[in-house]
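For reference, the structure is listed below as structure tokens.
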Amino acid sequence: MPTTRLPSAGYSITVRVAVIADSSAIGRLTMAVGEAGAIVTAVDVVDSDHLRVVADVTCDTADSAHADQVVKALESMEGVEVRKVSDRTFLLHLGGKIEVTSKVNLKTRDELSRAYTPGVARVCQAIADNPEDARRLTIKRNTVAVVTDGSAVLGLGNLGPAAALPVMEGKAALFKRFGGVDAWPVCLDTQDTEEIIKIVKAIAPVYGGINLEDIAAPRCFEIEARLRDLLDIPVFHDDQHGTAICVLAALTNALRVVGKKLADVKVVVSGAGAAGTAIMKLLLRQGVGDVIAYDRRGALHRDMANLGPNWQWLVEHTNKDGYSGDLPGAIVGADVFIGVSAPNLLTGDDIARMAPNAIVFALANPDPEVDPREARKHAAVVATGRSDQPNQINNVLAFPGVFRGMLDAQAKEFTEEMALAAAMAIADVVGEEKLNPSVIVPSVFDARVAPAVAAAVRAVAQQSSTSSVLDSDPTPIPEA
């Protein structure tokens, strides 16, 4: 039976098969794959003789179980022999995704003497005499630590530091590709708040910024706040602030599409963890009409007891009317739904009860809070976190440019003003002439995004006391 989930490149496989050579051999292979619900992306003939053709059939599937179904469909065909199955995602990860390369040739004794001993001693002494020179004379000027304890890896949960490493490698690769930033994974084998803070403080002299990643709430809030007080470099929790920036950018354009103003709309946010809290705080800072926060305990309201400090802050600043019901009831008459929680919480019928020209951001990955196909039947604008759907809200739109701007300004901290500037920069890249219900955010490959975000953040930093550089040339960002 074909899967009901959507195939994606994240579950792409290549199946090497031998098939009896005749004029319809390749067609029969692709037809079988299609009937199994997969999408054929390539067919390459690798060998043949007068009896058989050997071909690599590459296709996108929906998940591992679906990939197995596709293979079984090929194996069941008469005259077909499956010789090998390769998971293309695992192949891409073999040996890791990043490496360190030297910027100096080191081909002669002269170069070695200047890059290392004895010449390097002069540079060491200069930094000892003036520690600020470390930003000018070392990798500190362009380096970010991507720090995790592995306690909240993607939507998979507490997998630990080793299992978190592929995500941190990917983050580092995105930093370099889109922002020209040299980032490095720092996966810590501890989930003790005090120990994490102590370790990051100890390694901070090497870096120009700290990107916290995949650390579970509420611990992530304290870690970020404490490190901000302790360090003289920006500390940025991407799961919070990167997500909030991208959501505000997308919502700004979605409201332009439907002709509504942020100050007039009611927003329901499902998920009051790290991402949801940051989204709501940024929306409130920007002047949203009202927000209802919903989590496992239900809609957060003022009569709730035994709340932690973050939820206590939310109940004091959201839900003006004190709604205390379930999620489907919360979105009745709401203008905007933002989900950063769990899959399949709502139906298309629930979306139909929202206000006219509703906006739905169902961002749980890989399965959103509501089927986007059902949501589109009733909402004017729908966005997800998936790359195979229109309007993908992806943090890569924000964090490379945010750090590029902060590093260029030698900023000492990340501020809410930077977040707002970054969001507006992302929104404005789309342009009025291209804006429509299916295009509310730019492509992650749009070469204009990171420079625009970097310039906006850099300008904010240089106008405040958060920067140690008043004017300097920005570091070039790699071309797309």
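Residue names in the structure tokens use chain letters A, B, ... in the order shown, residue numbers from 1 in each chain, and ligand numbers from 1 in the order shown.
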
Using DSSP on the backbone, list every residue of region 109-182 of chain A that comes out as helix (DSSP H, G or I), and give them as a ChimeraX atom specification. /A:109-115,120-129,131-137,139-142,161-179

Polymer residues at most 8 Å from region 367-378 of chain A, only C-alpha atoms, same-chain spacing of 3 or more positions, as a list in words: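 Those residues are Gly339, Ser341, Ala342, Pro343, Asn344, Leu345, Leu346, Thr347, Gly348, Ile351, Ala352, Ala358, Val360, Ala362, Leu363, Ala364, Val381, Val382, Ala383, Thr384 and Gly385 of chain A.
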
For region 50-58 of chain A, please output as a count of residues only all residues within 12 Å (counting only C-alpha atoms; exclusion window: fewer than 4 positions along the same chain). 48

Straight-line distance linking CA of Ile210 (chain A) with CA of His237 (chain A), stated in Å to one decimal: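 Interatomic distance, CA of Ile210 (chain A) to CA of His237 (chain A): 8.3 Å.
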
What is the CA of Ile197 (chain A) to CA of Ile223 (chain A) distance in Å?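 Between these atoms lies a distance of 6.2 Å.
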
Which residues come within 12 Å of Asp264 (chain A), counting only C-alpha atoms, excluding same-chain residues fewer than 6 positions away, as a ChimeraX atom specification? /A:255,286-291,334-336

Next, write the just-selected residues to a file, as a short mmCIF file (atom, residue, chain, number, x, y, z; two decimals), in the first residue's frame, keeping C-alpha atoms as the atom set.
data_model
loop_
_atom_site.label_atom_id
_atom_site.label_comp_id
_atom_site.auth_asym_id
_atom_site.auth_seq_id
_atom_site.Cartn_x
_atom_site.Cartn_y
_atom_site.Cartn_z
CA LEU A 255 -0.43 39.76 7.37
CA GLN A 286 6.24 44.02 18.27
CA GLY A 287 2.74 44.90 19.53
CA VAL A 288 0.53 41.88 18.77
CA GLY A 289 -3.15 42.25 19.70
CA ASP A 290 -3.39 39.18 21.93
CA VAL A 291 -1.77 35.77 22.31
CA ALA A 334 -8.37 33.42 16.01
CA ASP A 335 -6.56 35.13 13.14
CA VAL A 336 -3.31 33.20 13.46
#

Which residues are close to Val429 (chain A), i.e. within 7 Å by only C-alpha atoms, leaving aside same-chain residues fewer than 5 positions away? Reply as JSON, numbers by chain. {"A": [442, 448, 449]}

Could you produce a table of the residues of region 374-459 of chain A lying within 6 Å of region 179-190 of chain A, with the nearest pair of atoms per residue and their separation in Å rounded to one decimal, using only C-alpha atoms, ordered by chain and increasing residue number, as a tab-separated table?
residue	atom	partner	partner_atom	distance
A:Pro400	CA	A:Gly179	CA	4.5
A:Gly401	CA	A:Gly179	CA	5.7
A:Arg404	CA	A:Gly179	CA	5.8

Those same residues - N, CA and C atoms - I'd like them written as a PDB file, in the first residue's frame.
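result_29.pdb, written as the output of this step:
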ATOM      1  N   PRO A 400      22.672  32.441  10.204  1.00  0.00           N
ATOM      2  CA  PRO A 400      23.956  32.804   9.575  1.00  0.00           C
ATOM      3  C   PRO A 400      24.142  34.314   9.450  1.00  0.00           C
ATOM      4  N   GLY A 401      23.090  35.011   9.031  1.00  0.00           N
ATOM      5  CA  GLY A 401      23.181  36.462   8.888  1.00  0.00           C
ATOM      6  C   GLY A 401      23.261  37.173  10.224  1.00  0.00           C
ATOM      7  N   ARG A 404      26.760  36.688  11.361  1.00  0.00           N
ATOM      8  CA  ARG A 404      27.655  37.446  10.486  1.00  0.00           C
ATOM      9  C   ARG A 404      27.652  38.926  10.902  1.00  0.00           C
TER      10      ARG A 404
END
